[in-house]
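Student: upload07.cif is reproduced in full below (mmCIF, N, CA and C atoms).
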data_final
#
loop_
_atom_site.label_atom_id
_atom_site.label_comp_id
_atom_site.auth_asym_id
_atom_site.auth_seq_id
_atom_site.Cartn_x
_atom_site.Cartn_y
_atom_site.Cartn_z
N MET N 253 -12.02 18.28 5.46
CA MET N 253 -10.70 17.66 5.53
C MET N 253 -10.45 16.88 4.24
N SER N 254 -9.29 17.05 3.69
CA SER N 254 -8.92 16.33 2.48
C SER N 254 -8.22 15.02 2.84
N ILE N 255 -8.59 13.99 2.10
CA ILE N 255 -8.04 12.66 2.33
C ILE N 255 -7.22 12.24 1.11
N ALA N 256 -6.05 11.67 1.33
CA ALA N 256 -5.26 11.07 0.26
C ALA N 256 -5.60 9.59 0.20
N THR N 257 -5.65 9.05 -1.00
CA THR N 257 -6.00 7.64 -1.19
C THR N 257 -4.75 6.78 -1.35
N TYR N 258 -4.95 5.49 -1.19
CA TYR N 258 -3.87 4.53 -1.42
C TYR N 258 -3.30 4.70 -2.83
N GLU N 259 -4.18 4.85 -3.83
CA GLU N 259 -3.74 4.99 -5.22
C GLU N 259 -2.87 6.24 -5.41
N GLU N 260 -3.24 7.31 -4.74
CA GLU N 260 -2.44 8.54 -4.83
C GLU N 260 -1.06 8.33 -4.21
N VAL N 261 -1.02 7.68 -3.05
CA VAL N 261 0.25 7.42 -2.37
C VAL N 261 1.10 6.46 -3.21
N LEU N 262 0.47 5.46 -3.80
CA LEU N 262 1.18 4.51 -4.66
C LEU N 262 1.84 5.21 -5.84
N ASP N 263 1.23 6.28 -6.32
CA ASP N 263 1.72 7.02 -7.49
C ASP N 263 2.73 8.11 -7.13
N LEU N 264 3.07 8.28 -5.85
CA LEU N 264 3.97 9.36 -5.45
C LEU N 264 5.35 9.32 -6.12
N PRO N 265 5.93 8.16 -6.42
CA PRO N 265 7.22 8.20 -7.12
C PRO N 265 7.17 8.97 -8.44
N ASN N 266 5.99 9.09 -9.03
CA ASN N 266 5.82 9.85 -10.27
C ASN N 266 5.52 11.32 -10.03
N HIS N 267 5.46 11.73 -8.76
CA HIS N 267 5.13 13.12 -8.41
C HIS N 267 6.08 13.66 -7.34
N PRO N 268 7.32 13.94 -7.75
CA PRO N 268 8.29 14.45 -6.75
C PRO N 268 7.90 15.79 -6.15
N GLU N 269 6.92 16.47 -6.75
CA GLU N 269 6.47 17.75 -6.19
C GLU N 269 5.59 17.56 -4.96
N LYS N 270 5.16 16.34 -4.71
CA LYS N 270 4.35 16.04 -3.53
C LYS N 270 5.26 15.45 -2.44
N LEU N 271 4.99 15.80 -1.21
CA LEU N 271 5.82 15.34 -0.09
C LEU N 271 4.98 14.46 0.84
N LEU N 272 5.47 13.24 1.09
CA LEU N 272 4.82 12.32 2.01
C LEU N 272 5.59 12.32 3.33
N ILE N 273 4.89 12.64 4.40
CA ILE N 273 5.50 12.74 5.73
C ILE N 273 4.92 11.66 6.62
N ASP N 274 5.78 10.83 7.19
CA ASP N 274 5.38 9.79 8.13
C ASP N 274 5.67 10.31 9.53
N VAL N 275 4.63 10.43 10.37
CA VAL N 275 4.81 11.03 11.70
C VAL N 275 5.00 10.00 12.82
N ARG N 276 5.23 8.74 12.44
CA ARG N 276 5.50 7.74 13.47
C ARG N 276 6.90 7.95 14.05
N ASN N 277 7.15 7.32 15.19
CA ASN N 277 8.47 7.39 15.81
C ASN N 277 9.45 6.50 15.06
N PRO N 278 10.73 6.86 15.07
CA PRO N 278 11.73 6.08 14.34
C PRO N 278 11.75 4.59 14.71
N ASP N 279 11.48 4.26 15.97
CA ASP N 279 11.48 2.84 16.36
C ASP N 279 10.34 2.08 15.67
N GLU N 280 9.22 2.75 15.42
CA GLU N 280 8.12 2.11 14.69
C GLU N 280 8.52 1.84 13.25
N LEU N 281 9.20 2.78 12.64
CA LEU N 281 9.65 2.61 11.26
C LEU N 281 10.65 1.46 11.16
N ALA N 282 11.53 1.37 12.15
CA ALA N 282 12.52 0.28 12.15
C ALA N 282 11.82 -1.08 12.25
N GLU N 283 10.72 -1.11 12.97
CA GLU N 283 9.96 -2.35 13.16
C GLU N 283 9.19 -2.77 11.91
N THR N 284 8.56 -1.79 11.24
CA THR N 284 7.63 -2.12 10.16
C THR N 284 8.13 -1.77 8.77
N GLY N 285 9.01 -0.79 8.67
CA GLY N 285 9.36 -0.24 7.38
C GLY N 285 8.54 1.01 7.14
N GLN N 286 8.72 1.62 5.97
CA GLN N 286 7.97 2.83 5.68
C GLN N 286 7.59 2.87 4.21
N ILE N 287 6.65 3.72 3.90
CA ILE N 287 6.17 3.87 2.53
C ILE N 287 7.28 4.54 1.71
N PRO N 288 7.56 3.99 0.52
CA PRO N 288 8.60 4.61 -0.32
C PRO N 288 8.31 6.09 -0.56
N THR N 289 9.33 6.87 -0.63
CA THR N 289 9.37 8.33 -0.81
C THR N 289 9.03 9.11 0.45
N SER N 290 8.58 8.44 1.52
CA SER N 290 8.21 9.20 2.73
C SER N 290 9.45 9.67 3.49
N ILE N 291 9.27 10.80 4.17
CA ILE N 291 10.29 11.27 5.09
C ILE N 291 9.69 11.17 6.49
N ASN N 292 10.54 10.95 7.46
CA ASN N 292 10.07 10.79 8.83
C ASN N 292 10.25 12.08 9.61
N ILE N 293 9.12 12.63 10.07
CA ILE N 293 9.13 13.74 11.01
C ILE N 293 8.16 13.32 12.11
N PRO N 294 8.68 12.82 13.23
CA PRO N 294 7.78 12.36 14.31
C PRO N 294 6.80 13.44 14.73
N LEU N 295 5.62 13.00 15.15
CA LEU N 295 4.54 13.92 15.52
C LEU N 295 5.01 14.98 16.51
N ASP N 296 5.83 14.61 17.48
CA ASP N 296 6.26 15.59 18.48
C ASP N 296 7.24 16.63 17.92
N GLN N 297 7.66 16.47 16.66
CA GLN N 297 8.56 17.45 16.02
C GLN N 297 7.85 18.29 14.96
N ILE N 298 6.60 17.97 14.65
CA ILE N 298 5.88 18.64 13.55
C ILE N 298 5.78 20.15 13.75
N GLU N 299 5.35 20.58 14.92
CA GLU N 299 5.16 22.02 15.15
C GLU N 299 6.46 22.78 14.98
N GLN N 300 7.54 22.26 15.53
CA GLN N 300 8.83 22.93 15.40
C GLN N 300 9.33 22.88 13.96
N ALA N 301 9.20 21.71 13.30
CA ALA N 301 9.70 21.56 11.93
C ALA N 301 9.03 22.52 10.96
N PHE N 302 7.71 22.68 11.07
CA PHE N 302 6.96 23.50 10.13
C PHE N 302 6.77 24.93 10.60
N GLY N 303 7.19 25.22 11.82
CA GLY N 303 7.05 26.56 12.35
C GLY N 303 8.08 27.51 11.76
N PRO N 304 7.87 28.79 11.96
CA PRO N 304 8.76 29.81 11.36
C PRO N 304 10.19 29.78 11.90
N GLU N 305 10.39 29.19 13.09
CA GLU N 305 11.74 29.17 13.66
C GLU N 305 12.67 28.20 12.94
N THR N 306 12.12 27.28 12.16
CA THR N 306 12.95 26.34 11.41
C THR N 306 13.05 26.84 9.97
N GLY N 307 14.26 27.25 9.59
CA GLY N 307 14.49 27.74 8.24
C GLY N 307 14.68 26.59 7.25
N SER N 308 14.73 26.95 5.99
CA SER N 308 14.87 25.95 4.92
C SER N 308 16.14 25.12 5.07
N GLU N 309 17.24 25.78 5.36
CA GLU N 309 18.52 25.07 5.47
C GLU N 309 18.50 24.07 6.63
N GLN N 310 17.97 24.49 7.77
CA GLN N 310 17.91 23.61 8.93
C GLN N 310 16.95 22.44 8.66
N PHE N 311 15.81 22.71 8.04
CA PHE N 311 14.84 21.66 7.71
C PHE N 311 15.50 20.63 6.79
N ALA N 312 16.19 21.10 5.76
CA ALA N 312 16.86 20.20 4.81
C ALA N 312 17.92 19.37 5.51
N LYS N 313 18.64 19.98 6.43
CA LYS N 313 19.68 19.25 7.16
C LYS N 313 19.06 18.15 8.03
N LEU N 314 17.93 18.47 8.67
CA LEU N 314 17.28 17.51 9.56
C LEU N 314 16.53 16.40 8.83
N TYR N 315 15.87 16.75 7.70
CA TYR N 315 14.94 15.81 7.07
C TYR N 315 15.30 15.42 5.64
N GLY N 316 16.36 16.01 5.09
CA GLY N 316 16.85 15.58 3.79
C GLY N 316 16.12 16.12 2.58
N VAL N 317 15.19 17.04 2.78
CA VAL N 317 14.45 17.67 1.68
C VAL N 317 14.28 19.15 2.01
N PRO N 318 14.09 19.99 0.99
CA PRO N 318 13.84 21.41 1.27
C PRO N 318 12.55 21.59 2.06
N LYS N 319 12.51 22.61 2.89
CA LYS N 319 11.30 22.90 3.65
C LYS N 319 10.19 23.32 2.68
N PRO N 320 9.04 22.65 2.78
CA PRO N 320 7.94 23.01 1.88
C PRO N 320 7.35 24.37 2.24
N GLY N 321 6.85 25.03 1.22
CA GLY N 321 6.16 26.30 1.42
C GLY N 321 4.70 26.06 1.77
N PRO N 322 3.97 27.11 2.10
CA PRO N 322 2.58 26.98 2.55
C PRO N 322 1.62 26.38 1.52
N ASP N 323 1.98 26.44 0.23
CA ASP N 323 1.12 25.87 -0.81
C ASP N 323 1.59 24.51 -1.30
N HIS N 324 2.69 24.01 -0.74
CA HIS N 324 3.23 22.71 -1.16
C HIS N 324 2.21 21.61 -0.87
N TYR N 325 2.14 20.64 -1.76
CA TYR N 325 1.21 19.50 -1.61
C TYR N 325 1.82 18.51 -0.62
N LEU N 326 1.19 18.36 0.54
CA LEU N 326 1.69 17.47 1.59
C LEU N 326 0.69 16.35 1.84
N ILE N 327 1.21 15.15 2.02
CA ILE N 327 0.40 14.01 2.47
C ILE N 327 1.04 13.52 3.76
N VAL N 328 0.23 13.31 4.77
CA VAL N 328 0.75 12.89 6.08
C VAL N 328 0.18 11.52 6.42
N SER N 329 1.08 10.64 6.92
CA SER N 329 0.66 9.29 7.29
C SER N 329 1.24 8.92 8.65
N CYS N 330 0.70 7.86 9.23
CA CYS N 330 1.21 7.30 10.49
C CYS N 330 0.94 5.80 10.44
N ARG N 331 0.40 5.23 11.49
CA ARG N 331 0.06 3.81 11.48
C ARG N 331 -1.39 3.59 11.07
N THR N 332 -2.30 4.37 11.67
CA THR N 332 -3.73 4.17 11.40
C THR N 332 -4.47 5.43 10.96
N GLY N 333 -3.80 6.56 10.87
CA GLY N 333 -4.45 7.79 10.44
C GLY N 333 -4.80 8.76 11.55
N ARG N 334 -4.67 8.35 12.80
CA ARG N 334 -5.03 9.23 13.91
C ARG N 334 -3.95 10.30 14.15
N ARG N 335 -2.70 9.86 14.31
CA ARG N 335 -1.62 10.83 14.54
C ARG N 335 -1.40 11.72 13.32
N SER N 336 -1.60 11.16 12.13
CA SER N 336 -1.43 11.99 10.93
C SER N 336 -2.47 13.11 10.91
N GLN N 337 -3.68 12.85 11.39
CA GLN N 337 -4.69 13.91 11.46
C GLN N 337 -4.29 14.96 12.49
N MET N 338 -3.70 14.54 13.59
CA MET N 338 -3.22 15.49 14.59
C MET N 338 -2.14 16.38 13.97
N ALA N 339 -1.25 15.78 13.18
CA ALA N 339 -0.19 16.54 12.51
C ALA N 339 -0.78 17.52 11.50
N ILE N 340 -1.78 17.08 10.75
CA ILE N 340 -2.46 17.95 9.78
C ILE N 340 -3.02 19.18 10.49
N ASP N 341 -3.67 18.96 11.63
CA ASP N 341 -4.25 20.08 12.38
C ASP N 341 -3.18 21.12 12.73
N VAL N 342 -2.01 20.66 13.15
CA VAL N 342 -0.91 21.57 13.50
C VAL N 342 -0.39 22.27 12.26
N ILE N 343 -0.17 21.52 11.18
CA ILE N 343 0.37 22.07 9.94
C ILE N 343 -0.56 23.14 9.37
N VAL N 344 -1.86 22.86 9.38
CA VAL N 344 -2.83 23.82 8.87
C VAL N 344 -2.84 25.09 9.74
N GLU N 345 -2.76 24.90 11.04
CA GLU N 345 -2.73 26.06 11.94
C GLU N 345 -1.49 26.93 11.69
N LEU N 346 -0.41 26.31 11.20
CA LEU N 346 0.81 27.05 10.89
C LEU N 346 0.76 27.71 9.51
N GLY N 347 -0.37 27.56 8.81
CA GLY N 347 -0.55 28.27 7.55
C GLY N 347 -0.41 27.44 6.28
N TYR N 348 -0.22 26.15 6.41
CA TYR N 348 -0.13 25.30 5.22
C TYR N 348 -1.53 25.00 4.72
N ARG N 349 -1.74 25.16 3.41
CA ARG N 349 -3.08 25.11 2.86
C ARG N 349 -3.39 23.87 2.02
N ASN N 350 -2.39 23.02 1.80
CA ASN N 350 -2.59 21.92 0.88
C ASN N 350 -2.12 20.60 1.49
N ALA N 351 -2.58 20.31 2.70
CA ALA N 351 -2.18 19.10 3.41
C ALA N 351 -3.33 18.09 3.43
N ARG N 352 -2.98 16.84 3.18
CA ARG N 352 -3.98 15.77 3.15
C ARG N 352 -3.55 14.63 4.08
N ASN N 353 -4.55 14.01 4.67
CA ASN N 353 -4.31 12.88 5.55
C ASN N 353 -4.46 11.58 4.75
N TYR N 354 -3.41 10.74 4.80
CA TYR N 354 -3.56 9.40 4.25
C TYR N 354 -4.14 8.57 5.38
N LYS N 355 -5.47 8.56 5.43
CA LYS N 355 -6.19 7.99 6.56
C LYS N 355 -5.91 6.50 6.74
N GLY N 356 -5.68 5.77 5.66
CA GLY N 356 -5.37 4.34 5.77
C GLY N 356 -3.97 4.10 6.32
N SER N 357 -3.09 5.03 6.08
CA SER N 357 -1.72 5.04 6.56
C SER N 357 -1.02 3.69 6.42
N TRP N 358 -0.07 3.41 7.32
CA TRP N 358 0.75 2.20 7.19
C TRP N 358 -0.10 0.93 7.20
N THR N 359 -1.16 0.90 7.99
CA THR N 359 -1.99 -0.29 8.08
C THR N 359 -2.55 -0.67 6.71
N GLU N 360 -3.12 0.29 6.01
CA GLU N 360 -3.67 0.02 4.67
C GLU N 360 -2.55 -0.29 3.68
N TRP N 361 -1.47 0.50 3.72
CA TRP N 361 -0.37 0.30 2.80
C TRP N 361 0.21 -1.11 2.93
N ALA N 362 0.50 -1.53 4.14
CA ALA N 362 1.08 -2.86 4.38
C ALA N 362 0.14 -3.97 3.91
N ALA N 363 -1.15 -3.83 4.19
CA ALA N 363 -2.12 -4.84 3.79
C ALA N 363 -2.18 -4.96 2.26
N LYS N 364 -2.22 -3.83 1.57
CA LYS N 364 -2.32 -3.85 0.11
C LYS N 364 -1.01 -4.23 -0.56
N GLN N 365 0.09 -4.03 0.13
CA GLN N 365 1.40 -4.38 -0.42
C GLN N 365 1.83 -5.79 -0.02
N GLY N 366 1.01 -6.46 0.80
CA GLY N 366 1.33 -7.81 1.26
C GLY N 366 2.51 -7.87 2.22
N LYS N 367 2.64 -6.87 3.07
CA LYS N 367 3.76 -6.83 4.03
C LYS N 367 3.32 -7.29 5.40
#
Translate this file's structure into structure tokens.
Tutor:
Amino acid sequence: MSIATYEEVLDLPNHPEKLLIDVRNPDELAETGQIPTSINIPLDQIEQAFGPETGSEQFAKLYGVPKPGPDHYLIVSCRTGRRSQMAIDVIVELGYRNARNYKGSWTEWAAKQGK
């Protein structure tokens, strides 16, 4: 399993080719905030969002970015890294080959950012 580091996530604004996905529920994001550049796709929507039934246009309409291809560099986060790993398992099963878990997720990000 590939792990993304805090330093890599911190540098994401310099790498628009990488996509950071936060799988927490919208109410959690409203409570805590989210990592800059991340898009929110709740865990219960991951399989449908990345599955073949969701086309590029629909994905872009729902999430504000083009649907990534199977080789796109993906980083997945949540609150503590558990749900993001569950999302990675689904994404990999759907054929995505370059997905990484930001295991520290929001907990590490908030602590290091002083939030």
Student: At a cut-off of 7 Å, using all atoms listed in the file, what residues contact range 256-273 of chain N? Leave out same-chain residues fewer than 5 positions from it and give the result as a PyMOL selection string.
Tutor: chain N and resi 288-293+324-330+352-356+361
Student: What is the distance, in Å and to one decimal place, between CA of Pro294 in chain N and CA of Asp323 in chain N?
Tutor: 21.3 Å
Student: By how many Å are CA of Asp341 in chain N and CA of Asn277 in chain N apart?
Tutor: 18.3 Å
Student: Please determine, counting all atoms listed in the file, which residue among N:Ser254, N:Ser336, N:Thr359, N:Gln300 has the shortest atom-to-atom distance to Arg276 in chain N.
Tutor: N:Ser336
Student: Apply the PyMOL selection byres ((chain N and resi 343-348) around 6.5) to the structure shown and report the selected residues as a list in words.
Tutor: Phe302, Gly303, Gly321, Pro322, Asp323, Met338, Ala339, Ile340, Asp341, Val342, Arg349, Asn350 and Ala351 of chain N
Student: If we count only N, CA and C atoms, what is near Ser308 in chain N at a cut-off of 5 Å, once residues fewer than 3 positions away on the same chain are taken out, given as a list of chain:residue names?
Tutor: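 What passes the distance filter is N:Phe311, N:Ala312, N:Lys319.
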Student: Given the file above and the PyMOL selection byres (((chain N and resi 284 and name CA) around 12) and name CA), which residues are selected, and can you give them as number ranges by chain?
Tutor: N: 276-283, 285-287, 330-331, 358-359, 361-363, 367
